[in-house]
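**Student:** So that you have it, the file is data-v1.txt, and it contains compact mmCIF, C-alpha atoms:
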```txt
# COMPACT_ATOMS: atom_id res chain seq x y z
CA MET L 1 19.83 73.89 -23.88
CA SER L 2 23.30 73.40 -22.40
CA LYS L 3 25.27 76.47 -21.38
CA TYR L 4 28.61 74.67 -21.74
CA SER L 5 30.09 72.36 -24.35
CA ASN L 6 32.89 69.89 -23.72
CA THR L 7 34.68 69.42 -27.02
CA SER L 8 37.95 68.51 -25.28
CA ALA L 9 36.37 65.74 -23.21
CA VAL L 10 37.25 67.31 -19.88
CA PRO L 11 36.58 64.70 -17.14
CA LEU L 12 33.54 65.36 -14.97
CA SER L 13 35.77 65.70 -11.92
CA LEU L 14 37.19 68.91 -13.45
CA GLY L 15 34.15 69.77 -15.54
CA VAL L 16 32.12 70.62 -12.45
CA PHE L 17 34.91 72.96 -11.31
CA LEU L 18 35.02 74.71 -14.70
CA ALA L 19 31.23 74.98 -14.98
CA SER L 20 30.89 76.61 -11.54
CA ASP L 21 30.66 80.39 -11.68
CA HIS L 22 30.15 82.33 -8.45
CA TYR L 23 30.89 85.83 -9.75
CA ASP L 24 28.45 88.48 -8.55
CA TYR L 25 27.26 89.68 -11.96
CA ASN L 26 25.11 92.77 -12.36
CA TYR L 27 22.95 92.68 -15.47
CA ASP L 28 21.77 96.28 -15.26
CA ALA L 29 22.74 97.87 -18.60
CA ASN L 30 23.66 101.10 -16.84
CA THR L 31 26.01 99.45 -14.34
CA ILE L 32 29.59 99.32 -15.58
CA SER L 33 32.38 97.61 -13.69
CA ALA L 34 35.86 99.04 -13.27
CA THR L 35 37.31 96.19 -15.34
CA SER L 36 34.85 96.88 -18.16
CA LEU L 37 35.41 100.63 -18.09
CA ILE L 38 39.11 100.28 -18.90
CA LYS L 39 38.44 98.14 -21.97
CA PRO L 40 38.66 99.73 -25.43
CA LEU L 41 35.56 101.70 -26.44
CA ARG L 42 34.99 99.49 -29.48
CA GLN L 43 35.02 96.36 -27.34
CA ILE L 44 32.55 97.82 -24.84
CA VAL L 45 30.08 98.93 -27.52
CA LEU L 46 30.24 95.87 -29.77
CA SER L 47 30.17 93.37 -26.89
CA ALA L 48 26.72 94.67 -26.00
CA ARG L 49 25.55 93.73 -29.52
CA VAL L 50 26.68 90.10 -29.50
CA PRO L 51 23.64 87.80 -29.34
CA THR L 52 23.62 85.90 -26.06
CA GLU L 53 20.85 83.46 -26.80
CA ASN L 54 21.96 80.00 -27.87
CA SER L 55 25.58 80.88 -27.05
CA VAL L 56 27.58 77.96 -25.72
CA VAL L 57 30.91 78.22 -23.89
CA ASP L 58 33.48 75.46 -24.23
CA LEU L 59 34.67 74.27 -20.82
CA ILE L 60 38.34 74.16 -21.81
CA SER L 61 38.30 77.90 -22.58
CA LEU L 62 37.46 78.62 -18.93
CA VAL L 63 40.65 77.16 -17.46
CA PRO L 64 42.60 80.47 -17.08
CA MET L 65 39.59 82.29 -15.59
CA ARG L 66 38.73 79.53 -13.12
CA LEU L 67 42.36 79.12 -12.01
CA GLY L 68 42.54 82.87 -11.39
CA THR L 69 39.31 82.77 -9.40
CA ALA L 70 40.54 79.79 -7.38
CA ILE L 71 43.72 81.66 -6.44
CA HIS L 72 41.72 84.74 -5.40
CA ASP L 73 39.32 82.61 -3.37
CA GLY L 74 42.22 80.78 -1.71
CA ILE L 75 43.93 84.02 -0.68
CA GLU L 76 40.68 85.46 0.68
CA ASN L 77 39.87 82.27 2.60
CA ALA L 78 43.37 82.15 4.12
CA TRP L 79 43.14 85.72 5.40
CA LYS L 80 39.60 85.39 6.70
CA ASN L 81 39.98 82.00 8.38
CA ASN L 82 43.67 81.38 9.07
CA TYR L 83 45.61 84.63 9.18
CA GLN L 84 46.39 84.45 12.90
CA ASN L 85 47.89 80.97 12.70
CA ALA L 86 49.69 81.68 9.42
CA LEU L 87 51.23 84.94 10.65
CA THR L 88 52.32 83.26 13.89
CA GLU L 89 54.08 80.53 11.93
CA MET L 90 55.73 83.23 9.78
CA GLY L 91 57.21 84.78 12.91
CA VAL L 92 55.06 87.92 13.07
CA PRO L 93 54.86 89.22 16.69
CA GLN L 94 51.61 88.48 18.48
CA LYS L 95 51.14 92.13 19.42
CA VAL L 96 51.01 92.96 15.70
CA ILE L 97 48.65 90.08 14.90
CA ASP L 98 46.27 91.22 17.62
CA LYS L 99 45.89 94.61 15.93
CA ILE L 100 44.72 93.14 12.61
CA LYS L 101 41.02 93.20 11.76
CA ILE L 102 39.56 91.80 8.56
CA ASN L 103 36.93 93.98 6.86
CA PRO L 104 36.24 95.99 10.03
CA LYS L 105 33.28 98.32 10.30
CA PRO L 106 34.11 102.00 10.97
CA GLU L 107 33.00 101.72 14.57
CA GLU L 108 35.42 98.83 15.14
CA LEU L 109 38.49 100.88 14.22
CA THR L 110 40.85 102.25 16.85
CA GLU L 111 44.17 104.06 16.60
CA ASP L 112 46.00 100.73 16.97
CA THR L 113 43.92 98.80 14.41
CA ILE L 114 45.64 97.41 11.33
CA PRO L 115 42.69 97.05 8.94
CA ILE L 116 42.73 94.56 6.08
CA TYR L 117 39.96 94.85 3.52
CA MET L 118 39.25 92.12 1.00
CA GLU L 119 36.88 91.70 -1.93
CA GLN L 120 34.79 94.73 -1.05
CA ARG L 121 32.44 95.93 -3.81
CA ALA L 122 31.65 99.63 -4.03
CA HIS L 123 29.26 101.61 -6.25
CA LYS L 124 29.16 105.24 -7.33
CA LYS L 125 26.60 107.05 -9.48
CA VAL L 126 27.71 109.14 -12.46
CA GLY L 127 24.67 110.50 -14.24
CA LYS L 128 22.51 107.58 -15.38
CA TYR L 129 25.37 105.13 -14.85
CA THR L 130 26.55 103.24 -11.79
CA ILE L 131 30.27 102.48 -11.65
CA SER L 132 31.02 99.30 -9.73
CA GLY L 133 34.28 97.79 -8.57
CA LYS L 134 35.53 95.10 -6.21
CA PHE L 135 39.20 95.28 -5.21
CA ASP L 136 41.23 92.24 -4.17
CA PHE L 137 43.08 93.52 -1.11
CA VAL L 138 43.71 96.75 0.79
CA GLY L 139 46.28 96.83 3.58
CA GLU L 140 47.40 99.97 5.41
CA GLY L 141 45.64 102.10 2.81
CA ARG L 142 47.29 100.54 -0.26
CA VAL L 143 45.28 98.61 -2.82
CA GLU L 144 46.73 95.35 -4.14
CA ASP L 145 45.68 93.25 -7.10
CA PHE L 146 46.50 89.56 -7.51
CA LYS L 147 47.31 88.58 -11.10
CA SER L 148 47.83 84.98 -12.16
CA THR L 149 49.40 85.43 -15.57
CA GLY L 150 52.20 84.50 -17.92
CA VAL L 151 55.71 85.86 -17.43
CA TYR L 152 55.52 87.79 -20.73
CA THR L 153 52.92 90.15 -19.29
CA ALA L 154 55.21 91.20 -16.45
CA MET L 155 58.45 91.29 -18.44
CA ASN L 156 57.02 93.56 -21.13
CA ASN L 157 54.84 95.75 -18.89
CA THR L 158 52.00 94.79 -21.24
CA ASN L 159 49.12 95.81 -19.01
CA ASP L 160 50.67 98.34 -16.62
CA ALA L 161 48.55 101.21 -17.97
CA LYS L 162 45.38 99.17 -17.43
CA TYR L 163 46.48 98.11 -13.96
CA ILE L 164 47.01 101.76 -13.02
CA LEU L 165 43.58 102.75 -14.34
CA GLN L 166 41.89 99.88 -12.53
CA GLY L 167 43.62 100.59 -9.23
CA SER L 168 42.90 104.29 -9.59
CA ILE L 169 39.19 103.60 -10.15
CA TYR L 170 39.17 101.49 -6.99
CA ARG L 171 40.59 104.45 -5.07
CA TRP L 172 38.03 106.76 -6.71
CA LEU L 173 35.33 104.39 -5.45
CA ASN L 174 36.87 103.90 -2.00
CA PRO L 175 38.78 107.06 -1.00
CA ASP L 176 38.14 106.35 2.67
CA LEU L 177 39.81 102.90 2.48
CA ILE L 178 42.46 103.46 -0.21
CA THR L 179 44.53 106.38 0.97
CA LYS L 180 47.94 105.75 -0.61
CA GLY L 181 48.91 107.06 -4.03
CA GLU L 182 50.39 103.78 -5.19
CA MET L 183 49.19 100.24 -5.78
CA ALA L 184 50.86 96.84 -5.73
CA ILE L 185 50.45 94.18 -8.39
CA GLN L 186 51.19 90.72 -7.02
CA PHE L 187 52.09 88.55 -10.00
CA ILE L 188 51.70 84.80 -9.64
CA PHE L 189 53.27 83.36 -12.78
CA THR L 190 51.54 80.43 -14.44
CA ASP L 191 54.41 79.55 -16.79
CA TRP L 192 57.49 80.41 -14.72
CA SER L 193 60.68 78.48 -15.52
CA ALA L 194 63.40 77.98 -12.90
CA MET L 195 65.92 77.28 -15.65
CA ARG L 196 65.22 80.56 -17.45
CA ALA L 197 65.41 82.40 -14.14
CA ARG L 198 68.98 81.12 -13.77
CA THR L 199 70.09 81.90 -17.32
CA ASP L 200 68.17 85.05 -18.35
CA GLU L 201 69.03 88.19 -16.38
CA ASN L 202 65.76 89.87 -17.42
CA TYR L 203 63.57 86.96 -16.38
CA PRO L 204 61.72 87.07 -13.01
CA LYS L 205 63.83 85.35 -10.37
CA GLN L 206 60.85 84.10 -8.37
CA ARG L 207 57.46 82.67 -9.25
CA ILE L 208 55.85 85.54 -7.33
CA GLN L 209 56.80 89.12 -8.11
CA GLN L 210 55.54 92.40 -6.68
CA ARG L 211 55.34 95.53 -8.83
CA ILE L 212 54.58 98.96 -7.37
CA LEU L 213 52.72 101.35 -9.68
CA PRO L 214 51.63 104.97 -9.14
CA LEU L 215 47.93 105.75 -9.09
CA LYS L 216 46.35 108.58 -11.02
CA SER L 217 44.79 111.37 -9.00
CA ILE L 218 41.10 111.18 -8.15
CA ASN L 219 40.48 114.24 -10.34
CA GLU L 220 42.21 112.58 -13.31
CA ILE L 221 40.13 109.44 -12.89
CA ASP L 222 36.93 111.41 -12.50
CA ALA L 223 37.67 113.10 -15.84
CA PHE L 224 38.59 109.76 -17.45
CA ILE L 225 35.35 108.13 -16.29
CA ASN L 226 33.14 110.99 -17.43
CA ASN L 227 34.84 111.12 -20.83
CA LYS L 228 34.56 107.34 -21.28
CA LEU L 229 30.86 107.37 -20.38
CA ASN L 230 30.27 110.19 -22.86
CA GLN L 231 32.01 108.15 -25.56
CA ILE L 232 29.89 105.11 -24.73
CA ASP L 233 26.72 107.18 -25.01
CA LYS L 234 27.87 108.68 -28.30
CA PHE L 235 28.66 105.37 -30.03
CA MET L 236 26.38 102.84 -28.32
CA ASP L 237 23.86 102.90 -31.18
CA ALA L 238 26.19 104.10 -33.93
CA PRO L 239 26.91 102.04 -37.07
CA GLU L 240 29.94 99.85 -36.57
CA ALA L 241 31.86 101.74 -39.25
CA ASP L 242 31.63 104.90 -37.12
CA ILE L 243 32.97 103.33 -33.93
CA PRO L 244 36.65 104.21 -33.38
CA LEU L 245 39.02 101.36 -34.18
CA CYS L 246 41.07 99.75 -31.43
CA THR L 247 44.58 101.17 -31.26
CA ASP L 248 47.77 99.13 -31.47
CA GLU L 249 47.97 99.38 -27.69
CA ASP L 250 44.40 98.09 -27.37
CA LEU L 251 45.26 95.25 -29.73
CA TRP L 252 48.43 94.28 -27.83
CA ARG L 253 50.40 94.66 -31.05
CA SER L 254 53.95 93.42 -30.77
CA ALA L 255 56.87 95.51 -31.99
CA PRO L 256 57.92 95.07 -35.64
CA VAL L 257 60.98 93.01 -36.49
CA PHE L 258 63.49 94.11 -39.14
CA LYS L 259 64.97 91.08 -40.83
CA TYR L 260 68.32 91.48 -42.56
CA TYR L 261 69.28 89.08 -45.34
CA LYS L 262 72.92 89.26 -46.45
CA ASN L 263 72.07 87.49 -49.70
CA PRO L 264 68.91 89.01 -51.26
CA ALA L 265 68.40 85.84 -53.28
CA LYS L 266 68.04 83.74 -50.15
CA THR L 267 65.23 84.95 -47.88
CA THR L 268 64.21 81.65 -46.36
CA ARG L 269 66.09 82.46 -43.18
CA SER L 270 67.31 85.90 -42.12
CA THR L 271 70.96 86.57 -41.38
CA LYS L 272 69.94 88.51 -38.27
CA ASN L 273 66.85 90.18 -36.83
CA PHE L 274 66.87 93.71 -35.41
CA ASP L 275 64.49 95.78 -33.29
CA THR L 276 65.00 98.94 -35.36
CA ARG L 277 65.36 99.71 -39.04
CA GLN L 278 68.52 101.75 -38.36
CA GLU L 279 70.30 98.82 -36.70
CA ALA L 280 69.44 96.57 -39.63
CA TYR L 281 70.78 99.05 -42.20
CA VAL L 282 73.97 99.62 -40.21
CA ARG L 283 74.62 95.88 -40.35
CA MET L 284 73.87 95.80 -44.07
CA ALA L 285 76.33 98.66 -44.63
CA GLU L 286 78.98 96.78 -42.67
CA ASP L 287 78.48 93.85 -45.03
CA GLY L 288 79.00 95.96 -48.11
CA GLY L 289 75.46 97.19 -48.68
CA MET L 290 74.48 94.27 -50.89
CA GLY L 291 71.80 92.77 -48.66
CA ILE L 292 68.14 93.50 -48.05
CA VAL L 293 66.06 94.51 -45.02
CA ILE L 294 62.44 93.33 -44.75
CA GLU L 295 60.14 94.71 -42.09
CA GLN L 296 57.87 92.13 -40.46
CA PRO L 297 54.97 94.03 -38.86
CA GLY L 298 54.04 93.27 -35.28
CA THR L 299 51.13 90.91 -34.73
CA VAL L 300 48.07 91.45 -32.53
CA THR L 301 46.60 89.10 -29.95
CA ALA L 302 43.93 90.97 -27.94
CA CYS L 303 41.19 90.13 -30.45
CA LYS L 304 41.37 86.47 -29.44
CA TYR L 305 40.08 87.38 -25.98
CA CYS L 306 37.47 89.96 -27.02
CA GLN L 307 33.77 89.25 -26.46
CA ALA L 308 32.98 91.13 -29.68
CA PHE L 309 35.23 88.89 -31.79
CA SER L 310 32.39 87.27 -33.74
CA ILE L 311 30.92 90.53 -35.05
CA CYS L 312 33.93 92.87 -35.32
CA THR L 313 35.00 93.78 -38.85
CA GLN L 314 38.29 95.26 -37.65
CA LYS L 315 39.21 91.75 -36.58
CA ASP L 316 38.38 90.49 -40.09
CA ALA L 317 40.66 93.12 -41.64
CA LEU L 318 43.50 92.22 -39.30
CA ILE L 319 43.18 88.53 -40.22
CA ALA L 320 43.15 89.38 -43.93
CA ALA L 321 46.29 91.48 -43.50
CA GLY L 322 48.08 88.69 -41.63
CA ASP L 323 48.36 90.78 -38.46
CA LEU L 324 46.04 88.49 -36.51
CA VAL L 325 46.77 84.78 -36.71
CA ILE L 326 44.03 82.43 -35.52
CA ASN L 327 45.40 79.02 -34.70
```
Would it be possible to restate this file's structure as structure tokens?
**Tutor:**
Amino acid sequence: MSKYSNTSAVPLSLGVFLASDHYDYNYDANTISATSLIKPLRQIVLSARVPTENSVVDLISLVPMRLGTAIHDGIENAWKNNYQNALTEMGVPQKVIDKIKINPKPEELTEDTIPIYMEQRAHKKVGKYTISGKFDFVGEGRVEDFKSTGVYTAMNNTNDAKYILQGSIYRWLNPDLITKGEMAIQFIFTDWSAMRARTDENYPKQRIQQRILPLKSINEIDAFINNKLNQIDKFMDAPEADIPLCTDEDLWRSAPVFKYYKNPAKTTRSTKNFDTRQEAYVRMAEDGGMGIVIEQPGTVTACKYCQAFSICTQKDALIAAGDLVIN
């Protein structure tokens, strides 16, 4: 049976690229990756219950993942095979270039060495579990993560809390390599617009943007990991109705919109939209208090990317309520 479908008629020249997966998976049920550990508890538990036999993945759905992997692979290849030439052409002094070593062993380090570590996977036992994580880049003791994503994610700080947890787990796994208390997110925007950059003061001015985020302490992360593992144990075999629901933050729920209509009889198009109820009522008062304010609840989007989508009843309730729109 085929593992992939091709409902969008992707040409073979690109189909082979999309169907190629070189990720170093670990299928041990007691091995949990850093990226999995920061997912909502409900997603972790229910994803393990989704039948995998006869499941078919549509090639077109893999485009974002494969593009992200290609960018990571390209960065790694450039550093491992061309960093000396590239840094020279960027004007970096040769005496600095000579000090750089890529993924050096401890015995190769000297006081003058500038170590660069890339794509290093580490493991650490916690009870019956093994926590696993592979960072993107560590330079001068600071961990960096490369994110190919839409501008919205960066502008609204959508995933900053998850980035901090992920980077902090990497430091917890690699305290000898990651010694700084901050991390860097290197955004590579997939939908950046030069025109919006010129006209919107809040829009990223470049297609690449660096964000510095503080890491949690190793003690905080140790407590977080132990608590999360205890929660997984507690609910792994529990009835779905007993598993805690995903929070609005987990669901990536957008903020509500308060729509003001000056004429209550005409609600086809709002007079003006506001971020808060108070602002909307102030405007209504200014117009004589004869209008109406209707709250439009924020919508959720995370469910669309959840592996447990097919079996989650919370998702069904969100669709029924109109909070989750499936196009």
**Student:** Quick one: distance from CA of Ala154 in chain L to CA of Gln206 in chain L in Å, one decimal?
**Tutor:** 12.1 Å
**Student:** Rounded to one decimal in Å, what is the spacing between CA of Trp192 in chain L and CA of Leu67 in chain L?
**Tutor:** 15.4 Å
**Student:** At a cut-off of 7 Å, using all atoms listed in the file, what residues contact Thr190 in chain L? Leave out same-chain residues fewer than 4 positions from it and give the result as a ChimeraX atom specification.
**Tutor:** /L:148-150
**Student:** May I ask which of the residues L:Ile60, L:Val96, L:Ile44, L:Ile326 is the closest one to Ala29 in chain L, counting all atoms listed in the file?
**Tutor:** L:Ile44
**Student:** With all atoms listed in the file as the basis for distance, which of L:Leu177, L:Asn156, L:Pro264, L:Cys246 is at the shortest distance from Leu109 in chain L?
**Tutor:**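 Once distances to Leu109 in chain L are computed over all atoms listed in the file, the minimum belongs to L:Leu177.
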**Student:** Have a look at CA of Asp58 in chain L and CA of Asn77 in chain L and let me know their distance in Å, one decimal.
**Tutor:**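 So the answer is 28.4 Å.
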**Student:** For range 142-147 of chain L, find every residue with an atom within 9 Å (counting only C-alpha atoms), except residues of its own chain fewer than 6 positions away, and show them as a PDB file with C-alpha atoms, in the coordinates of the input.
**Tutor:**
```pdb
ATOM      1  CA  GLY L  68      42.540  82.870 -11.390  1.00  0.00           C
ATOM      2  CA  ILE L  71      43.720  81.660  -6.440  1.00  0.00           C
ATOM      3  CA  HIS L  72      41.720  84.740  -5.400  1.00  0.00           C
ATOM      4  CA  PHE L 135      39.200  95.280  -5.210  1.00  0.00           C
ATOM      5  CA  ASP L 136      41.230  92.240  -4.170  1.00  0.00           C
ATOM      6  CA  TYR L 163      46.480  98.110 -13.960  1.00  0.00           C
ATOM      7  CA  GLY L 167      43.620 100.590  -9.230  1.00  0.00           C
ATOM      8  CA  TYR L 170      39.170 101.490  -6.990  1.00  0.00           C
ATOM      9  CA  ARG L 171      40.590 104.450  -5.070  1.00  0.00           C
ATOM     10  CA  LEU L 177      39.810 102.900   2.480  1.00  0.00           C
ATOM     11  CA  ILE L 178      42.460 103.460  -0.210  1.00  0.00           C
ATOM     12  CA  THR L 179      44.530 106.380   0.970  1.00  0.00           C
ATOM     13  CA  LYS L 180      47.940 105.750  -0.610  1.00  0.00           C
ATOM     14  CA  GLY L 181      48.910 107.060  -4.030  1.00  0.00           C
ATOM     15  CA  GLU L 182      50.390 103.780  -5.190  1.00  0.00           C
ATOM     16  CA  MET L 183      49.190 100.240  -5.780  1.00  0.00           C
ATOM     17  CA  ALA L 184      50.860  96.840  -5.730  1.00  0.00           C
ATOM     18  CA  ILE L 185      50.450  94.180  -8.390  1.00  0.00           C
ATOM     19  CA  GLN L 186      51.190  90.720  -7.020  1.00  0.00           C
ATOM     20  CA  PHE L 187      52.090  88.550 -10.000  1.00  0.00           C
ATOM     21  CA  ILE L 188      51.700  84.800  -9.640  1.00  0.00           C
ATOM     22  CA  PHE L 189      53.270  83.360 -12.780  1.00  0.00           C
TER      23      PHE L 189
END
```
**Student:** Between L:Ile114, L:Leu59, L:Ile232, L:Ile292, which has the minimum distance to Gly139 in chain L (counting only C-alpha atoms)?
**Tutor:** L:Ile114
**Student:** Please provide the set of residues having any atom within 12 Å of range 287-289 of chain L, restricted to only C-alpha atoms, with same-chain residues fewer than 2 positions apart removed, written as a list in words.
**Tutor:** Tyr260, Tyr261, Lys262, Asn263, Pro264, Thr271, Ala280, Tyr281, Val282, Arg283, Met284, Ala285, Gly291, Ile292 and Val293 of chain L
**Student:** Counting only C-alpha atoms, which residue out of L:Trp172, L:Tyr27, L:Phe17, L:Tyr152 sits closest to Asn202 in chain L?
**Tutor:**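 Closest to Asn202 in chain L, using only C-alpha atoms: L:Tyr152.
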**Student:** Quick one: of L:Lys234, L:Lys3, L:Arg196, L:Lys80, who's nearest to Lys101 in chain L, counting all atoms listed in the file?
**Tutor:**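 Checking each of L:Lys234, L:Lys3, L:Arg196, L:Lys80 against Lys101 in chain L, counting all atoms listed in the file, the winner is L:Lys80.
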**Student:** Residues at most 9 Å from Asp275 in chain L, counting only C-alpha atoms, excluding those fewer than 2 positions away in the same chain, as a list of chain:residue names?
**Tutor:**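 Near neighbours after the sequence-gap exclusion: L:Ala255, L:Pro256, L:Val257, L:Phe258, L:Lys259, L:Asn273, L:Arg277, L:Gln278, L:Glu279, L:Ala280.
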**Student:** Select, from L:Arg66, L:Arg253, L:Lys162, L:Arg198, the residue with the minimum atom-to-atom distance to Leu215 in chain L, counting only C-alpha atoms.
**Tutor:**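 Closest to Leu215 in chain L of all the choices is L:Lys162.
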**Student:** Identify, on the basis of only C-alpha atoms, every residue whose closest approach to Thr247 in chain L does not exceed 12 Å; exclude the query and any residue fewer than 5 positions from it along the same chain; express the result as a list of chain:residue names.
**Tutor:**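 Surrounding residues, per the criterion: L:Lys39, L:Pro40, L:Leu41, L:Arg42, L:Gln43, L:Trp252, L:Arg253, L:Val300, L:Ala302, L:Cys303, L:Gln314.
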**Student:** From the structure block, carefully write range 265-273 of chain L out with all heavy atoms; format it as a PDB file, in the first residue's frame.
**Tutor:**
```pdb
ATOM      1  N   ALA L 265     -30.424  48.100  12.999  1.00  0.00           N
ATOM      2  CA  ALA L 265     -31.222  47.407  11.985  1.00  0.00           C
ATOM      3  C   ALA L 265     -30.373  46.952  10.809  1.00  0.00           C
ATOM      4  O   ALA L 265     -30.835  46.172   9.962  1.00  0.00           O
ATOM      5  CB  ALA L 265     -32.365  48.296  11.501  1.00  0.00           C
ATOM      6  N   LYS L 266     -29.156  47.448  10.750  1.00  0.00           N
ATOM      7  CA  LYS L 266     -28.279  47.105   9.628  1.00  0.00           C
ATOM      8  C   LYS L 266     -26.982  46.507  10.173  1.00  0.00           C
ATOM      9  O   LYS L 266     -26.078  47.246  10.587  1.00  0.00           O
ATOM     10  CB  LYS L 266     -27.986  48.334   8.774  1.00  0.00           C
ATOM     11  CG  LYS L 266     -29.216  48.931   8.107  1.00  0.00           C
ATOM     12  CD  LYS L 266     -28.838  50.144   7.251  1.00  0.00           C
ATOM     13  CE  LYS L 266     -30.065  50.738   6.563  1.00  0.00           C
ATOM     14  NZ  LYS L 266     -29.716  51.912   5.729  1.00  0.00           N
ATOM     15  N   THR L 267     -26.911  45.185  10.208  1.00  0.00           N
ATOM     16  CA  THR L 267     -25.733  44.512  10.770  1.00  0.00           C
ATOM     17  C   THR L 267     -24.973  43.711   9.713  1.00  0.00           C
ATOM     18  O   THR L 267     -24.240  42.794  10.032  1.00  0.00           O
ATOM     19  CB  THR L 267     -26.153  43.579  11.919  1.00  0.00           C
ATOM     20  OG1 THR L 267     -27.124  42.639  11.424  1.00  0.00           O
ATOM     21  CG2 THR L 267     -26.743  44.367  13.079  1.00  0.00           C
ATOM     22  N   THR L 268     -25.194  44.064   8.465  1.00  0.00           N
ATOM     23  CA  THR L 268     -24.458  43.387   7.398  1.00  0.00           C
ATOM     24  C   THR L 268     -22.977  43.746   7.455  1.00  0.00           C
ATOM     25  O   THR L 268     -22.103  42.900   7.274  1.00  0.00           O
ATOM     26  CB  THR L 268     -25.023  43.770   6.021  1.00  0.00           C
ATOM     27  OG1 THR L 268     -26.405  43.453   5.983  1.00  0.00           O
ATOM     28  CG2 THR L 268     -24.299  43.012   4.916  1.00  0.00           C
ATOM     29  N   ARG L 269     -22.724  45.020   7.737  1.00  0.00           N
ATOM     30  CA  ARG L 269     -21.339  45.493   7.807  1.00  0.00           C
ATOM     31  C   ARG L 269     -21.214  46.428   9.001  1.00  0.00           C
ATOM     32  O   ARG L 269     -22.001  47.356   9.152  1.00  0.00           O
ATOM     33  CB  ARG L 269     -20.947  46.216   6.514  1.00  0.00           C
ATOM     34  CG  ARG L 269     -19.496  46.671   6.486  1.00  0.00           C
ATOM     35  CD  ARG L 269     -19.161  47.305   5.155  1.00  0.00           C
ATOM     36  NE  ARG L 269     -17.773  47.741   5.112  1.00  0.00           N
ATOM     37  CZ  ARG L 269     -17.209  48.352   4.072  1.00  0.00           C
ATOM     38  NH1 ARG L 269     -17.949  48.589   2.986  1.00  0.00           N
ATOM     39  NH2 ARG L 269     -15.952  48.720   4.116  1.00  0.00           N
ATOM     40  N   SER L 270     -20.220  46.169   9.852  1.00  0.00           N
ATOM     41  CA  SER L 270     -20.061  46.972  11.061  1.00  0.00           C
ATOM     42  C   SER L 270     -19.586  48.381  10.730  1.00  0.00           C
ATOM     43  O   SER L 270     -18.897  48.601   9.721  1.00  0.00           O
ATOM     44  CB  SER L 270     -19.067  46.307  12.015  1.00  0.00           C
ATOM     45  OG  SER L 270     -17.780  46.238  11.419  1.00  0.00           O
ATOM     46  N   THR L 271     -19.968  49.319  11.607  1.00  0.00           N
ATOM     47  CA  THR L 271     -19.493  50.692  11.461  1.00  0.00           C
ATOM     48  C   THR L 271     -18.000  50.763  11.750  1.00  0.00           C
ATOM     49  O   THR L 271     -17.238  51.412  11.040  1.00  0.00           O
ATOM     50  CB  THR L 271     -20.249  51.626  12.427  1.00  0.00           C
ATOM     51  OG1 THR L 271     -21.662  51.487  12.196  1.00  0.00           O
ATOM     52  CG2 THR L 271     -19.842  53.071  12.221  1.00  0.00           C
ATOM     53  N   LYS L 272     -17.590  50.056  12.827  1.00  0.00           N
ATOM     54  CA  LYS L 272     -16.167  49.972  13.156  1.00  0.00           C
ATOM     55  C   LYS L 272     -15.931  48.800  14.094  1.00  0.00           C
ATOM     56  O   LYS L 272     -16.790  48.471  14.902  1.00  0.00           O
ATOM     57  CB  LYS L 272     -15.682  51.269  13.826  1.00  0.00           C
ATOM     58  CG  LYS L 272     -14.155  51.331  13.982  1.00  0.00           C
ATOM     59  CD  LYS L 272     -13.690  52.694  14.453  1.00  0.00           C
ATOM     60  CE  LYS L 272     -12.158  52.728  14.545  1.00  0.00           C
ATOM     61  NZ  LYS L 272     -11.652  54.060  14.993  1.00  0.00           N
ATOM     62  N   ASN L 273     -14.770  48.196  13.972  1.00  0.00           N
ATOM     63  CA  ASN L 273     -14.384  47.086  14.846  1.00  0.00           C
ATOM     64  C   ASN L 273     -13.407  47.573  15.908  1.00  0.00           C
ATOM     65  O   ASN L 273     -12.551  48.428  15.636  1.00  0.00           O
ATOM     66  CB  ASN L 273     -13.735  45.965  14.038  1.00  0.00           C
ATOM     67  CG  ASN L 273     -14.692  45.339  13.046  1.00  0.00           C
ATOM     68  OD1 ASN L 273     -15.912  45.441  13.182  1.00  0.00           O
ATOM     69  ND2 ASN L 273     -14.151  44.675  12.039  1.00  0.00           N
TER      70      ASN L 273
END
```
